[in-house]
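Structure record follows, encoded as structure tokens.
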Amino acid sequence: MKIKDKKKQASSQGLVPKLRFPEFRDAMEWEETTIGQLGKIVPGLTYRPDDIREEGVLVLRSSNIQNGLISLEDNVYVTPKIKGANPTKPNDILICVRNGSKPLIGKNALIPEGMPSCTHGAFMTVLRAKSAKFIFQLFQTETYKRRVEADLGATINSINTTQLKKYAFFIPKPNEQQKIVDCLSSLDELITAQAHKLDTLKAHKKGVMQQLFPAPGQTTPTLRFPEFQDAGEWKAKNFGEVCKFVRGPFGGALKKDIFVKSGYAVYEQSHAIYQNFDSFRYFITEEKYKELKRFAVAANDIIMSCSGTMGKFAIVPKDSKEGVINQALLKLTVRRGFNIDFIKYTLELPSSQEKLLSQSAGGAIKNVVGVTQLKEIEIDIPNPPEQQKIADCLSSLDELIAAQAHKFDILKAHKKGLMQQLFPNPDKAAE
């Protein structure tokens, strides 16, 4: 039987999951439906720089979705008088439909109770449905992720909402949906608790950093280790004295048709965002690598994300693959005499972020400043032993954060495995 025919048969016959609660083992097969049949798509708001306010209506964006939850750390507000805003409601499913970083497209979260007055931005959409809690769990499945990947293809960087409505899934009757939601929600509570512990550690680190580095306009920090109490003021340096900068090549230099199955790696901004160098999607030949040698990555280089989610940093590990940065990255090579970890922490300070990311009038659109401007940015730096002490302190906090993140990831992996049993896989059934 042809694959196409098998898919048709899977669709007409319905499916059942591998793992089913006892009371539903003899129940009807799950039936195919589409997102458009399940709920209503609510488009996002296009706003101008003049609409931005210090407070007002919260605009939910991609950065407000963290680990499948709504985060209110990176907020943008617009005037309550703005036209075209669609207020979000509890149990709306917020979906990222456009982003400079493809891995972020399709990520989603359920709007909780008790949210402030909010809407969602133009790069987002909302699905409003009766069975929203079940659909949200459905959106965590591999089936959903494959639908998104197929929609994006090789060059498209957004989900078409008309196409989103056509995404097809198999679902059970409402009482079985509720049983699955109850099961997965209890696991979500554990995951949320671990996420809260992780956020608490991150907030603690942020507070420590604010004290270990001088506040804007100051030349000494609030908190200083005893052995450096009399070490004097930190010295102002231009970034150009501290680092060498190389912005990634123009997009045309790394077209998809030049990529090969293996060879020299292409570093993407996801490596900077997630600080993970275990996998690479694209590779180039040795000949192309030599042509792009200026953009080659070396151990202890710092890479910075420059598109979509900007201003995220990662230090390239010693056992890293040979390769080059792509157009969405900036490479920083720290000069001798400066501690690499200390410089990375300096770059992550809010005051440094403000200098690294220029803003259009009104502050709505951010971009990474040019290399010439980067070289002129001033930062305050202590002597090498104090740099090392601060780096060691913050690195120990990073280790605690990494350990907590590992616990969080284990729970998420457990849920993923359970979901593979609780939801049928129409793609495998059609093979």
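In the structure tokens, chains take the letters A, B, ... in the order shown, each chain's residues start at 1, and ligands count up from 1 in the order shown.
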Can you write out as JSON lines which residues of segment 159-264 of chain A fall within 12 Å of segment 58-69 of chain A, alongside each residue's closest atom pair and its distance in Å to one decimal, counting only C-alpha atoms and ordering rows by chain and ascending residue number?
```
{"residue": "A:Asp188", "atom": "CA", "partner": "A:Gly68", "partner_atom": "CA", "distance": 9.7}
{"residue": "A:Glu189", "atom": "CA", "partner": "A:Leu69", "partner_atom": "CA", "distance": 11.2}
{"residue": "A:Ile191", "atom": "CA", "partner": "A:Asn67", "partner_atom": "CA", "distance": 9.5}
{"residue": "A:Thr192", "atom": "CA", "partner": "A:Leu69", "partner_atom": "CA", "distance": 8.1}
{"residue": "A:Ala193", "atom": "CA", "partner": "A:Leu69", "partner_atom": "CA", "distance": 11.6}
{"residue": "A:Gln194", "atom": "CA", "partner": "A:Asn67", "partner_atom": "CA", "distance": 11.0}
{"residue": "A:Ala195", "atom": "CA", "partner": "A:Asn67", "partner_atom": "CA", "distance": 8.0}
{"residue": "A:His196", "atom": "CA", "partner": "A:Leu69", "partner_atom": "CA", "distance": 10.6}
{"residue": "A:Leu198", "atom": "CA", "partner": "A:Asn67", "partner_atom": "CA", "distance": 11.1}
{"residue": "A:Asp199", "atom": "CA", "partner": "A:Gln66", "partner_atom": "CA", "distance": 10.4}
```
Keeping C-alpha atoms for every residue in the selection just given, could you write it to a file as a compact mmCIF listing (two decimals), in the first residue's frame?
```txt
# COMPACT_ATOMS: atom_id res chain seq x y z
CA ASP A 188 3.06 19.91 35.13
CA GLU A 189 2.71 21.07 38.74
CA ILE A 191 7.63 20.71 36.58
CA THR A 192 6.37 24.19 37.51
CA ALA A 193 7.72 23.78 41.04
CA GLN A 194 11.14 22.84 39.67
CA ALA A 195 10.95 25.77 37.24
CA HIS A 196 10.20 28.07 40.18
CA LEU A 198 15.30 27.40 38.86
CA ASP A 199 13.92 30.94 38.49
```
Residue nearest Tyr289 of chain A among A:Gly370, A:Gly323, A:Gly308, A:Gly417 (counting only C-alpha atoms): A:Gly323
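Residues within 10 Å of Leu292 of chain A, counting only C-alpha atoms and excluding same-chain residues fewer than 3 positions away, are Gly248, Pro249, Ala253, Leu254, Glu286, Glu287, Lys288, Tyr289, Phe295, Ala296, Gly323, Val324 and Ile325 of chain A.
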Applying 9 Å and only C-alpha atoms, which residues near Ile258 of chain A remain after dropping the ones on its own chain fewer than 5 positions away? List them as a PyMOL selection string. chain A and resi 283-285+288
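Residues in contact with His120 of chain A at 9 Å, where only C-alpha atoms are counted and same-chain residues fewer than 3 positions away are skipped, are listed as Pro43, Gly44, Leu45, Leu58, Val59, Leu60, Arg61, Ala85, Asn86, Pro87, Thr88, Leu94, Phe123, Met124, Thr125 and Val126 of chain A.
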Name the residues of segment 116-145 of chain A that fall into helix (DSSP H, G or I) according to DSSP on the backbone, using the chain letters and numbers of this document, as a VMD selection string. chain A and resid 132 to 138 142 to 145
